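Dumped run_22.tsv below, it's TSV, C-alpha atoms:
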chain	number	residue	atom	x	y	z
L	1	MET	CA	0.00	0.00	0.00
L	2	ARG	CA	1.18	3.53	-0.75
L	3	GLU	CA	2.76	5.06	2.34
L	4	ASN	CA	1.06	7.82	4.26
L	5	ARG	CA	3.85	10.40	4.50
L	6	LEU	CA	2.15	12.03	7.47
L	7	ARG	CA	3.02	8.93	9.49
L	8	THR	CA	6.52	8.77	8.01
L	9	LEU	CA	7.26	12.39	8.92
L	10	TRP	CA	5.79	12.00	12.40
L	11	GLN	CA	7.87	8.89	13.08
L	12	ALA	CA	10.93	11.06	12.39
L	13	ASP	CA	9.47	13.82	14.63
L	14	GLN	CA	9.20	16.12	11.62
L	15	PRO	CA	6.36	18.62	11.11
L	16	VAL	CA	3.88	18.31	8.28
L	17	ILE	CA	3.41	21.51	6.26
L	18	ASN	CA	-0.21	21.43	5.15
L	19	GLY	CA	-1.91	23.55	2.49
L	20	TRP	CA	-5.62	24.31	2.44
L	21	LEU	CA	-7.99	24.03	-0.52
L	22	ALA	CA	-11.20	26.05	-0.43
L	23	LEU	CA	-11.67	26.50	-4.19
L	24	ALA	CA	-13.73	23.85	-6.01
L	25	ASN	CA	-11.31	23.31	-8.88
L	26	SER	CA	-9.10	20.37	-9.83
L	27	PHE	CA	-6.58	22.52	-11.73
L	28	SER	CA	-5.95	24.80	-8.76
L	29	ALA	CA	-5.63	21.70	-6.57
L	30	GLU	CA	-3.12	20.20	-9.00
L	31	THR	CA	-1.18	23.45	-9.15
L	32	MET	CA	-1.02	23.63	-5.35
L	33	ALA	CA	0.06	19.98	-5.10
L	34	HIS	CA	2.95	20.56	-7.52
L	35	GLN	CA	4.41	23.24	-5.24
L	36	GLY	CA	5.65	20.64	-2.77
L	37	TRP	CA	3.23	20.75	0.18
L	38	ASP	CA	3.55	17.72	2.47
L	39	SER	CA	-0.24	17.46	2.48
L	40	LEU	CA	-3.24	19.34	1.14
L	41	THR	CA	-6.59	19.46	2.89
L	42	ILE	CA	-9.77	19.75	0.83
L	43	ASP	CA	-12.18	21.75	2.95
L	44	MET	CA	-15.74	20.47	2.63
L	45	GLN	CA	-16.88	22.28	5.76
L	46	HIS	CA	-16.29	25.94	4.93
L	47	GLY	CA	-14.81	25.68	1.43
L	48	MET	CA	-16.88	25.93	-1.78
L	49	ILE	CA	-16.58	22.18	-2.39
L	50	ASP	CA	-19.04	19.30	-2.59
L	51	TYR	CA	-18.38	15.58	-3.05
L	52	ALA	CA	-18.56	15.58	-6.86
L	53	GLN	CA	-16.01	18.41	-6.96
L	54	MET	CA	-13.80	16.80	-4.32
L	55	VAL	CA	-13.14	13.61	-6.30
L	56	PRO	CA	-11.32	15.24	-9.27
L	57	MET	CA	-9.39	17.35	-6.75
L	58	LEU	CA	-8.17	14.14	-5.07
L	59	GLN	CA	-7.25	12.80	-8.50
L	60	ALA	CA	-5.30	15.98	-9.23
L	61	ILE	CA	-3.39	15.79	-5.94
L	62	SER	CA	-2.49	12.17	-6.65
L	63	THR	CA	-0.26	13.28	-9.56
L	64	THR	CA	2.24	14.21	-6.82
L	65	ALA	CA	3.61	12.86	-3.54
L	66	THR	CA	1.42	15.31	-1.57
L	67	VAL	CA	-0.86	13.51	0.89
L	68	PRO	CA	-4.60	14.10	0.29
L	69	VAL	CA	-6.60	15.04	3.39
L	70	VAL	CA	-10.28	15.96	3.62
L	71	ARG	CA	-12.00	18.07	6.25
L	72	VAL	CA	-15.52	16.71	6.28
L	73	PRO	CA	-18.51	18.95	7.01
L	74	TRP	CA	-19.52	17.17	10.21
L	75	LEU	CA	-19.39	13.97	12.23
L	76	GLU	CA	-21.57	12.04	9.80
L	77	PRO	CA	-20.66	8.51	8.70
L	78	GLY	CA	-21.78	8.78	5.08
L	79	ILE	CA	-19.50	11.61	4.00
L	80	ILE	CA	-16.56	10.33	6.09
L	81	MET	CA	-16.74	6.90	4.47
L	82	LYS	CA	-17.29	8.31	0.96
L	83	SER	CA	-14.27	10.60	1.37
L	84	LEU	CA	-12.12	7.64	2.34
L	85	ASP	CA	-13.52	5.54	-0.51
L	86	ALA	CA	-12.57	8.37	-2.87
L	87	GLY	CA	-8.95	8.20	-1.74
L	88	ALA	CA	-8.50	10.57	1.20
L	89	TYR	CA	-5.54	9.48	3.34
L	90	GLY	CA	-6.56	11.66	6.27
L	91	ILE	CA	-9.85	12.87	7.74
L	92	ILE	CA	-10.22	16.06	9.79
L	93	CYS	CA	-13.57	16.15	11.58
L	94	PRO	CA	-14.89	19.38	13.14
L	95	MET	CA	-16.54	19.92	16.51
L	96	ILE	CA	-15.48	16.79	18.36
L	97	ASN	CA	-16.79	17.62	21.83
L	98	THR	CA	-16.94	14.39	23.80
L	99	ARG	CA	-15.24	11.02	24.14
L	100	GLU	CA	-18.28	9.46	22.46
L	101	ASP	CA	-17.90	11.81	19.47
L	102	CYS	CA	-14.28	10.74	19.11
L	103	GLN	CA	-15.14	7.06	19.40
L	104	ARG	CA	-17.71	7.43	16.63
L	105	LEU	CA	-15.18	9.22	14.42
L	106	LEU	CA	-12.62	6.45	14.87
L	107	SER	CA	-15.28	3.83	14.20
L	108	TYR	CA	-16.34	5.45	10.93
L	109	THR	CA	-12.75	5.54	9.63
L	110	ARG	CA	-11.88	1.89	10.32
L	111	TYR	CA	-13.03	-1.42	8.94
L	112	ALA	CA	-14.30	-4.17	11.27
L	113	PRO	CA	-13.37	-5.43	13.77
L	114	GLN	CA	-11.75	-2.11	14.79
L	115	GLY	CA	-14.62	-0.03	13.44
L	116	THR	CA	-17.82	0.15	11.44
L	117	ARG	CA	-16.61	1.55	8.10
L	118	SER	CA	-18.58	0.03	5.25
L	119	PHE	CA	-16.51	-1.74	2.61
L	120	GLY	CA	-16.35	-0.19	-0.85
L	121	PRO	CA	-12.97	1.49	-1.54
L	122	ILE	CA	-13.94	2.26	-5.13
L	123	ARG	CA	-11.11	4.73	-5.81
L	124	ALA	CA	-9.04	4.17	-2.68
L	125	THR	CA	-7.60	0.95	-4.10
L	126	LEU	CA	-6.52	2.82	-7.24
L	127	TYR	CA	-4.71	5.40	-5.12
L	128	GLY	CA	-3.52	3.25	-2.23
L	129	GLY	CA	-2.95	-0.10	-3.90
L	130	ALA	CA	-4.53	-3.54	-4.18
L	131	ASP	CA	-3.75	-4.30	-0.52
L	132	TYR	CA	-5.69	-1.24	0.67
L	133	PRO	CA	-8.42	-3.31	2.41
L	134	GLN	CA	-5.84	-5.08	4.56
L	135	LYS	CA	-3.76	-2.02	5.48
L	136	ALA	CA	-6.16	0.93	5.48
L	137	ASN	CA	-6.81	0.82	9.24
L	138	GLN	CA	-3.10	1.26	9.94
L	139	THR	CA	-2.54	3.85	7.20
L	140	ILE	CA	-5.41	6.36	7.34
L	141	VAL	CA	-4.84	9.29	9.73
L	142	THR	CA	-7.75	10.65	11.77
L	143	PHE	CA	-7.85	14.16	13.28
L	144	ALA	CA	-10.39	15.28	15.88
L	145	MET	CA	-10.93	19.04	15.87
L	146	ILE	CA	-10.78	20.64	19.31
L	147	GLU	CA	-12.50	24.02	19.05
L	148	THR	CA	-15.17	24.40	21.74
L	149	ALA	CA	-15.42	24.96	25.49
L	150	GLN	CA	-17.09	21.56	25.80
L	151	ALA	CA	-14.14	19.89	24.05
L	152	LEU	CA	-11.77	21.62	26.49
L	153	ASP	CA	-13.78	20.24	29.41
L	154	ASN	CA	-13.59	16.74	27.91
L	155	LEU	CA	-10.06	17.04	26.53
L	156	ASP	CA	-8.38	14.17	28.37
L	157	ALA	CA	-11.32	11.87	27.72
L	158	ILE	CA	-11.12	12.65	23.99
L	159	LEU	CA	-7.35	12.24	23.84
L	160	SER	CA	-7.52	8.88	25.61
L	161	VAL	CA	-9.60	7.26	22.86
L	162	GLU	CA	-7.51	4.38	21.52
L	163	GLY	CA	-6.41	4.85	17.92
L	164	LEU	CA	-6.76	8.64	17.73
L	165	ASP	CA	-3.83	9.87	15.65
L	166	ALA	CA	-4.05	13.62	16.00
L	167	ILE	CA	-6.06	16.63	17.09
L	168	TYR	CA	-6.50	19.79	15.06
L	169	ILE	CA	-7.13	23.17	16.63
L	170	GLY	CA	-9.38	25.67	14.92
L	171	PRO	CA	-8.16	28.89	16.58
L	172	SER	CA	-11.08	31.01	15.39
L	173	ASP	CA	-13.85	28.78	16.73
L	174	LEU	CA	-11.87	28.09	19.91
L	175	SER	CA	-11.40	31.85	20.40
L	176	LEU	CA	-15.11	32.52	19.88
L	177	ALA	CA	-15.99	29.82	22.40
L	178	LEU	CA	-13.80	31.57	24.97
L	179	GLY	CA	-15.14	35.06	24.27
L	180	CYS	CA	-12.09	36.14	22.28
L	181	ARG	CA	-11.51	37.56	18.79
L	182	PRO	CA	-11.92	34.88	16.07
L	183	ILE	CA	-8.46	35.00	14.50
L	184	PHE	CA	-5.82	32.45	13.47
L	185	ASP	CA	-2.50	33.87	14.57
L	186	ASP	CA	-1.85	36.36	17.37
L	187	VAL	CA	-4.79	35.18	19.42
L	188	ASP	CA	-5.96	36.73	22.68
L	189	PRO	CA	-4.25	35.57	25.91
L	190	LYS	CA	-7.16	33.37	27.06
L	191	ALA	CA	-7.21	31.56	23.71
L	192	GLN	CA	-3.42	31.20	23.75
L	193	GLN	CA	-3.58	29.59	27.18
L	194	ALA	CA	-6.13	27.11	25.85
L	195	ILE	CA	-3.96	26.33	22.80
L	196	ASP	CA	-0.92	25.72	25.02
L	197	HIS	CA	-3.01	23.48	27.29
L	198	ILE	CA	-4.35	21.42	24.37
L	199	LEU	CA	-0.84	20.96	22.99
L	200	ALA	CA	0.54	19.86	26.37
L	201	ARG	CA	-2.25	17.34	26.96
L	202	ALA	CA	-1.96	15.95	23.42
L	203	GLN	CA	1.77	15.43	23.93
L	204	ALA	CA	1.10	13.73	27.26
L	205	HIS	CA	-1.26	11.28	25.53
L	206	GLY	CA	1.08	10.67	22.58
L	207	VAL	CA	-1.33	12.30	20.12
L	208	LYS	CA	0.01	14.60	17.40
L	209	ALA	CA	-1.17	18.19	17.50
L	210	GLY	CA	-2.12	20.27	14.48
L	211	ILE	CA	-3.33	23.85	14.12
L	212	HIS	CA	-4.57	26.33	11.52
L	213	ASN	CA	-2.38	29.37	10.83
L	214	GLY	CA	-2.53	32.41	8.60
L	215	LEU	CA	1.14	33.43	8.65
L	216	PRO	CA	4.38	31.43	8.21
L	217	ARG	CA	5.90	33.24	11.20
L	218	VAL	CA	3.22	31.93	13.52
L	219	ALA	CA	3.34	28.44	12.00
L	220	ARG	CA	7.11	28.27	12.62
L	221	GLU	CA	6.64	29.43	16.22
L	222	ARG	CA	4.04	26.74	16.79
L	223	ILE	CA	6.28	24.07	15.27
L	224	ALA	CA	8.99	25.12	17.74
L	225	LYS	CA	6.48	24.64	20.56
L	226	GLY	CA	5.71	21.09	19.42
L	227	PHE	CA	2.94	21.21	16.83
L	228	ARG	CA	3.55	18.59	14.15
L	229	PHE	CA	0.87	19.54	11.61
L	230	VAL	CA	0.59	23.18	10.59
L	231	THR	CA	-1.70	24.63	7.96
L	232	VAL	CA	-0.47	27.87	6.41
L	233	SER	CA	-2.99	30.02	4.54
L	234	SER	CA	-5.20	28.61	1.73
L	235	ASP	CA	-5.51	28.66	-2.03
L	236	ALA	CA	-8.12	31.43	-1.84
L	237	ARG	CA	-6.04	33.58	0.50
L	238	LEU	CA	-2.88	33.04	-1.54
L	239	LEU	CA	-4.73	34.03	-4.72
L	240	ALA	CA	-6.01	37.20	-3.06
L	241	ALA	CA	-2.65	38.06	-1.47
L	242	GLY	CA	-0.74	37.54	-4.71
L	243	SER	CA	-3.21	39.68	-6.63
L	244	GLN	CA	-3.07	42.44	-4.02
L	245	ALA	CA	0.73	42.49	-4.04
L	246	LEU	CA	0.87	42.71	-7.84
L	247	LEU	CA	-1.79	45.41	-8.04
L	248	SER	CA	-0.15	47.45	-5.29
L	249	GLU	CA	3.12	47.40	-7.19
L	250	MET	CA	1.44	48.33	-10.47
L	251	ARG	CA	-0.62	51.16	-9.02
L	252	ALA	CA	2.32	52.53	-7.06
L	253	ALA	CA	4.04	53.10	-10.37
Now, as a test, write the supplied structure out as C-alpha cells.
Amino acid sequence: MRENRLRTLWQADQPVINGWLALANSFSAETMAHQGWDSLTIDMQHGMIDYAQMVPMLQAISTTATVPVVRVPWLEPGIIMKSLDAGAYGIICPMINTREDCQRLLSYTRYAPQGTRSFGPIRATLYGGADYPQKANQTIVTFAMIETAQALDNLDAILSVEGLDAIYIGPSDLSLALGCRPIFDDVDPKAQQAIDHILARAQAHGVKAGIHNGLPRVARERIAKGFRFVTVSSDARLLAAGSQALLSEMRAA
C-alpha cells in the first residue's frame, strides 16, 4: 500500500506543512500539489466544495507525492466513508466535543473489527494499492478538531480514545468559544492559554497536535512549541494576497 507520508514524517518527529484548498477546482488543486506541500486538505466544511467536486481534486493531488486530506462537514458517517472511498488518506472532523464523538469518528474511519466503516474502496484501491483493504486501518490518519469549550472540558477523555492519531485546533472557533476575537494567529491571551493546554495534553497522551495558521511566522513558532501539523494560509487567501501584491506594485508606479 502507498505510504502515508504524514506517518513517516511523524515517526521522524518532523512537522507536516499542510496547504488548504477552499476552491472547487481540480486545476488549482493540481497546481497547489505541484508546489511541494507535504499534504493538502480539501475543505468540505467551509470551502466551496461538494463531493462531486472533491473527487477530481483528489485525482489531481495524486499526480504528486502530496498527501490528500479531507475536512468533512460534520461527524456524519456517510461523508466520512465516501471521502475515504474516494482516496483521502486523512480525515479532519470538526466539533469533536466528547469522548463518544471521538469514538464514533474512529469507528467510521476503520473497517471491522476495529470499526464500522462500510466496505467499498472504489477509488481508494486505485490510489492506495490492491492491498488497501488489509492495510487501510493502519494507514489512514484521523484528526479530531478541538475548538469548543465543551471539548476543552472533555479534553483528556477525547485524547484517551484508543487509535486517535491527532487533534487539530481551529483557533477562530476556539477563540469565539472563549469570548475572544476569532483570529488564526496572534490570538488573545485566554485563547493562547487554551492552545498551550491542548498541545501539552496531546503530547502527554502521545497524540500529534495540528493547528490552523494564517502566517508562516506563527506556524514556525508553533512548530517550535511542538505542533507537528501546521496549515499555512489557503488557495483562496494566496490568490487574493498575490493579486493584491501585484496590483499594489502596479498602481504605485
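Counting all atoms listed in the file, the residue from L:Ala112, L:Leu199, L:Ile140, L:Ala52 that sits nearest to Ala88 in chain L is L:Ile140.
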Inset, instruction - Just the residues within 10 Å of Asp156 in chain L, please, counting all atoms listed in the file, with nothing from its chain fewer than 3 positions along; format it as a list in words. - result: Thr98, Arg99, Ala151, Leu152, Asp153, Leu159, Ser160, Val161, Ile198, Arg201, Ala202, Ala204 and His205 of chain L
Inset, instruction - For range 133-135 of chain L, please output as a VMD selection string all residues within 10 Å (counting only C-alpha atoms; exclusion window: fewer than 2 positions along the same chain). - result: chain L and resid 1 to 2 111 119 to 121 124 to 125 128 to 131 137 to 140
Next, dump the selected residues to file, keeping only C-alpha atoms, as a tab-separated table (two decimals), keeping the file's coordinate frame.
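Printed below is part-v4.tsv as written:
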chain	number	residue	atom	x	y	z
L	1	MET	CA	0.00	0.00	0.00
L	2	ARG	CA	1.18	3.53	-0.75
L	111	TYR	CA	-13.03	-1.42	8.94
L	119	PHE	CA	-16.51	-1.74	2.61
L	120	GLY	CA	-16.35	-0.19	-0.85
L	121	PRO	CA	-12.97	1.49	-1.54
L	124	ALA	CA	-9.04	4.17	-2.68
L	125	THR	CA	-7.60	0.95	-4.10
L	128	GLY	CA	-3.52	3.25	-2.23
L	129	GLY	CA	-2.95	-0.10	-3.90
L	130	ALA	CA	-4.53	-3.54	-4.18
L	131	ASP	CA	-3.75	-4.30	-0.52
L	137	ASN	CA	-6.81	0.82	9.24
L	138	GLN	CA	-3.10	1.26	9.94
L	139	THR	CA	-2.54	3.85	7.20
L	140	ILE	CA	-5.41	6.36	7.34
Inset, instruction - Can you work out which one of L:Cys180, L:Ile49, L:Leu84, L:Met95 has the shortest atom-to-atom distance to Ala136 in chain L, counting all atoms listed in the file? - result: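 Distance minimum relative to Ala136 in chain L lands on L:Leu84.
From CA of Val230 in chain L back to CA of Gly210 in chain L, the distance works out to 5.6 Å.
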Legend entry - Nearest to Pro94 in chain L, chosen from L:Pro73, L:Gly179, L:Pro68, L:Gly163, with all atoms listed in the file counted in the distances: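 Of L:Pro73, L:Gly179, L:Pro68, L:Gly163, the one nearest Pro94 in chain L, counting all atoms listed in the file, is L:Pro73.
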Legend entry - Distance criterion (all atoms listed in the file): nearest to Val67 in chain L out of L:Ala24, L:Leu40, L:Ala200, L:Ala177: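 For Val67 in chain L, the nearest of the given residues is L:Leu40.
Distance-wise, CA of Glu147 in chain L and CA of Leu75 in chain L end up 14.0 Å apart.
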Inset, instruction - For the point (-11.2, 27.5, 19.2) in the file's frame, write as an NGL selection string all residues with an atom no more than 12 Å away, counting all atoms listed in the file. - result: :L and (94-97 or 145-152 or 168-185 or 187-188 or 190-196 or 198 or 211-212)
C-alpha atoms of the current selection, written as a compact mmCIF listing (two decimals), in the coordinates of the input:
# COMPACT_ATOMS: atom_id res chain seq x y z
CA PRO L 94 -14.89 19.38 13.14
CA MET L 95 -16.54 19.92 16.51
CA ILE L 96 -15.48 16.79 18.36
CA ASN L 97 -16.79 17.62 21.83
CA MET L 145 -10.93 19.04 15.87
CA ILE L 146 -10.78 20.64 19.31
CA GLU L 147 -12.50 24.02 19.05
CA THR L 148 -15.17 24.40 21.74
CA ALA L 149 -15.42 24.96 25.49
CA GLN L 150 -17.09 21.56 25.80
CA ALA L 151 -14.14 19.89 24.05
CA LEU L 152 -11.77 21.62 26.49
CA TYR L 168 -6.50 19.79 15.06
CA ILE L 169 -7.13 23.17 16.63
CA GLY L 170 -9.38 25.67 14.92
CA PRO L 171 -8.16 28.89 16.58
CA SER L 172 -11.08 31.01 15.39
CA ASP L 173 -13.85 28.78 16.73
CA LEU L 174 -11.87 28.09 19.91
CA SER L 175 -11.40 31.85 20.40
CA LEU L 176 -15.11 32.52 19.88
CA ALA L 177 -15.99 29.82 22.40
CA LEU L 178 -13.80 31.57 24.97
CA GLY L 179 -15.14 35.06 24.27
CA CYS L 180 -12.09 36.14 22.28
CA ARG L 181 -11.51 37.56 18.79
CA PRO L 182 -11.92 34.88 16.07
CA ILE L 183 -8.46 35.00 14.50
CA PHE L 184 -5.82 32.45 13.47
CA ASP L 185 -2.50 33.87 14.57
CA VAL L 187 -4.79 35.18 19.42
CA ASP L 188 -5.96 36.73 22.68
CA LYS L 190 -7.16 33.37 27.06
CA ALA L 191 -7.21 31.56 23.71
CA GLN L 192 -3.42 31.20 23.75
CA GLN L 193 -3.58 29.59 27.18
CA ALA L 194 -6.13 27.11 25.85
CA ILE L 195 -3.96 26.33 22.80
CA ASP L 196 -0.92 25.72 25.02
CA ILE L 198 -4.35 21.42 24.37
CA ILE L 211 -3.33 23.85 14.12
CA HIS L 212 -4.57 26.33 11.52
Legend entry - Selection as a list in words: residues within 6 Å of (-19.4, 15.0, 2.4), counting all atoms listed in the file: Tyr51, Val72 and Ile79 of chain L
What would the file look like if the residues just selected were written as a compact mmCIF listing (two decimals), keeping the file's coordinate frame with C-alpha atoms?
# COMPACT_ATOMS: atom_id res chain seq x y z
CA TYR L 51 -18.38 15.58 -3.05
CA VAL L 72 -15.52 16.71 6.28
CA ILE L 79 -19.50 11.61 4.00
Inset, instruction - Name all residues at most 9 Å from Thr116 in chain L (count only C-alpha atoms; drop same-chain ones fewer than 5 positions away) and give them as a ChimeraX atom specification. - result: /L:104,106-111
Legend entry - Interatomic distance, CA of Pro15 in chain L to CA of Ala166 in chain L (Å, one decimal):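 So the answer is 12.5 Å.
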Inset, instruction - Excluding Phe143 in chain L and residues on its chain fewer than 5 positions from it, collect all residues at most 7 Å away from it, counting only C-alpha atoms, and give them as a PyMOL selection string. - result: chain L and resi 91-93+165-168
Axis-aligned box over every listed atom of range 196-203 of chain L, padded by 5 Å per side: centre and edges in Å to one decimal, as JSON?
{"center_x": -1.3, "center_y": 20.6, "center_z": 25.1, "size_x": 16.1, "size_y": 20.3, "size_z": 14.3}
Can you give me N, CA and C atoms for range 169-197 of chain L, written as a PDB file, keeping the file's coordinate frame?
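result06.pdb, freshly written:
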ATOM      1  N   ILE L 169      -6.522  22.012  15.983  1.00  0.00           N
ATOM      2  CA  ILE L 169      -7.130  23.170  16.630  1.00  0.00           C
ATOM      3  C   ILE L 169      -7.600  24.167  15.581  1.00  0.00           C
ATOM      4  N   GLY L 170      -8.855  24.564  15.702  1.00  0.00           N
ATOM      5  CA  GLY L 170      -9.380  25.670  14.920  1.00  0.00           C
ATOM      6  C   GLY L 170      -9.337  26.916  15.790  1.00  0.00           C
ATOM      7  N   PRO L 171      -8.316  27.753  15.657  1.00  0.00           N
ATOM      8  CA  PRO L 171      -8.160  28.890  16.580  1.00  0.00           C
ATOM      9  C   PRO L 171      -9.334  29.850  16.582  1.00  0.00           C
ATOM     10  N   SER L 172      -9.974  30.046  15.442  1.00  0.00           N
ATOM     11  CA  SER L 172     -11.080  31.010  15.390  1.00  0.00           C
ATOM     12  C   SER L 172     -12.276  30.533  16.196  1.00  0.00           C
ATOM     13  N   ASP L 173     -12.714  29.299  15.973  1.00  0.00           N
ATOM     14  CA  ASP L 173     -13.850  28.780  16.730  1.00  0.00           C
ATOM     15  C   ASP L 173     -13.506  28.657  18.213  1.00  0.00           C
ATOM     16  N   LEU L 174     -12.284  28.203  18.515  1.00  0.00           N
ATOM     17  CA  LEU L 174     -11.870  28.090  19.910  1.00  0.00           C
ATOM     18  C   LEU L 174     -11.895  29.474  20.570  1.00  0.00           C
ATOM     19  N   SER L 175     -11.394  30.482  19.861  1.00  0.00           N
ATOM     20  CA  SER L 175     -11.400  31.850  20.400  1.00  0.00           C
ATOM     21  C   SER L 175     -12.822  32.334  20.653  1.00  0.00           C
ATOM     22  N   LEU L 176     -13.713  32.112  19.697  1.00  0.00           N
ATOM     23  CA  LEU L 176     -15.110  32.520  19.880  1.00  0.00           C
ATOM     24  C   LEU L 176     -15.727  31.846  21.105  1.00  0.00           C
ATOM     25  N   ALA L 177     -15.437  30.563  21.271  1.00  0.00           N
ATOM     26  CA  ALA L 177     -15.990  29.820  22.400  1.00  0.00           C
ATOM     27  C   ALA L 177     -15.530  30.368  23.742  1.00  0.00           C
ATOM     28  N   LEU L 178     -14.364  31.031  23.732  1.00  0.00           N
ATOM     29  CA  LEU L 178     -13.800  31.570  24.970  1.00  0.00           C
ATOM     30  C   LEU L 178     -14.021  33.074  25.099  1.00  0.00           C
ATOM     31  N   GLY L 179     -14.846  33.636  24.213  1.00  0.00           N
ATOM     32  CA  GLY L 179     -15.140  35.060  24.270  1.00  0.00           C
ATOM     33  C   GLY L 179     -14.047  35.941  23.732  1.00  0.00           C
ATOM     34  N   CYS L 180     -13.214  35.402  22.838  1.00  0.00           N
ATOM     35  CA  CYS L 180     -12.090  36.140  22.280  1.00  0.00           C
ATOM     36  C   CYS L 180     -12.334  36.456  20.801  1.00  0.00           C
ATOM     37  N   ARG L 181     -11.421  37.229  20.209  1.00  0.00           N
ATOM     38  CA  ARG L 181     -11.510  37.560  18.790  1.00  0.00           C
ATOM     39  C   ARG L 181     -11.281  36.306  17.946  1.00  0.00           C
ATOM     40  N   PRO L 182     -12.086  36.075  16.900  1.00  0.00           N
ATOM     41  CA  PRO L 182     -11.920  34.880  16.070  1.00  0.00           C
ATOM     42  C   PRO L 182     -10.835  35.055  15.014  1.00  0.00           C
ATOM     43  N   ILE L 183      -9.585  34.845  15.410  1.00  0.00           N
ATOM     44  CA  ILE L 183      -8.460  35.000  14.500  1.00  0.00           C
ATOM     45  C   ILE L 183      -7.574  33.758  14.568  1.00  0.00           C
ATOM     46  N   PHE L 184      -6.692  33.614  13.568  1.00  0.00           N
ATOM     47  CA  PHE L 184      -5.820  32.450  13.470  1.00  0.00           C
ATOM     48  C   PHE L 184      -4.531  32.591  14.281  1.00  0.00           C
ATOM     49  N   ASP L 185      -3.921  33.753  14.218  1.00  0.00           N
ATOM     50  CA  ASP L 185      -2.500  33.870  14.570  1.00  0.00           C
ATOM     51  C   ASP L 185      -2.255  34.449  15.962  1.00  0.00           C
ATOM     52  N   ASP L 186      -2.162  35.750  16.082  1.00  0.00           N
ATOM     53  CA  ASP L 186      -1.850  36.360  17.370  1.00  0.00           C
ATOM     54  C   ASP L 186      -3.113  36.452  18.211  1.00  0.00           C
ATOM     55  N   VAL L 187      -3.512  35.304  18.726  1.00  0.00           N
ATOM     56  CA  VAL L 187      -4.790  35.180  19.420  1.00  0.00           C
ATOM     57  C   VAL L 187      -4.718  35.866  20.786  1.00  0.00           C
ATOM     58  N   ASP L 188      -5.879  36.113  21.363  1.00  0.00           N
ATOM     59  CA  ASP L 188      -5.960  36.730  22.680  1.00  0.00           C
ATOM     60  C   ASP L 188      -5.384  35.806  23.746  1.00  0.00           C
ATOM     61  N   PRO L 189      -4.931  36.377  24.873  1.00  0.00           N
ATOM     62  CA  PRO L 189      -4.250  35.570  25.910  1.00  0.00           C
ATOM     63  C   PRO L 189      -5.050  34.359  26.392  1.00  0.00           C
ATOM     64  N   LYS L 190      -6.354  34.501  26.576  1.00  0.00           N
ATOM     65  CA  LYS L 190      -7.160  33.370  27.060  1.00  0.00           C
ATOM     66  C   LYS L 190      -7.154  32.233  26.046  1.00  0.00           C
ATOM     67  N   ALA L 191      -7.250  32.582  24.756  1.00  0.00           N
ATOM     68  CA  ALA L 191      -7.210  31.560  23.710  1.00  0.00           C
ATOM     69  C   ALA L 191      -5.820  30.934  23.630  1.00  0.00           C
ATOM     70  N   GLN L 192      -4.782  31.737  23.794  1.00  0.00           N
ATOM     71  CA  GLN L 192      -3.420  31.200  23.750  1.00  0.00           C
ATOM     72  C   GLN L 192      -3.187  30.213  24.888  1.00  0.00           C
ATOM     73  N   GLN L 193      -3.701  30.526  26.060  1.00  0.00           N
ATOM     74  CA  GLN L 193      -3.580  29.590  27.180  1.00  0.00           C
ATOM     75  C   GLN L 193      -4.249  28.263  26.866  1.00  0.00           C
ATOM     76  N   ALA L 194      -5.417  28.341  26.222  1.00  0.00           N
ATOM     77  CA  ALA L 194      -6.130  27.110  25.850  1.00  0.00           C
ATOM     78  C   ALA L 194      -5.343  26.317  24.815  1.00  0.00           C
ATOM     79  N   ILE L 195      -4.764  27.008  23.827  1.00  0.00           N
ATOM     80  CA  ILE L 195      -3.960  26.330  22.800  1.00  0.00           C
ATOM     81  C   ILE L 195      -2.764  25.637  23.435  1.00  0.00           C
ATOM     82  N   ASP L 196      -2.076  26.317  24.340  1.00  0.00           N
ATOM     83  CA  ASP L 196      -0.920  25.720  25.020  1.00  0.00           C
ATOM     84  C   ASP L 196      -1.343  24.504  25.842  1.00  0.00           C
ATOM     85  N   HIS L 197      -2.494  24.605  26.478  1.00  0.00           N
ATOM     86  CA  HIS L 197      -3.010  23.480  27.290  1.00  0.00           C
ATOM     87  C   HIS L 197      -3.337  22.283  26.404  1.00  0.00           C
TER      88      HIS L 197
END
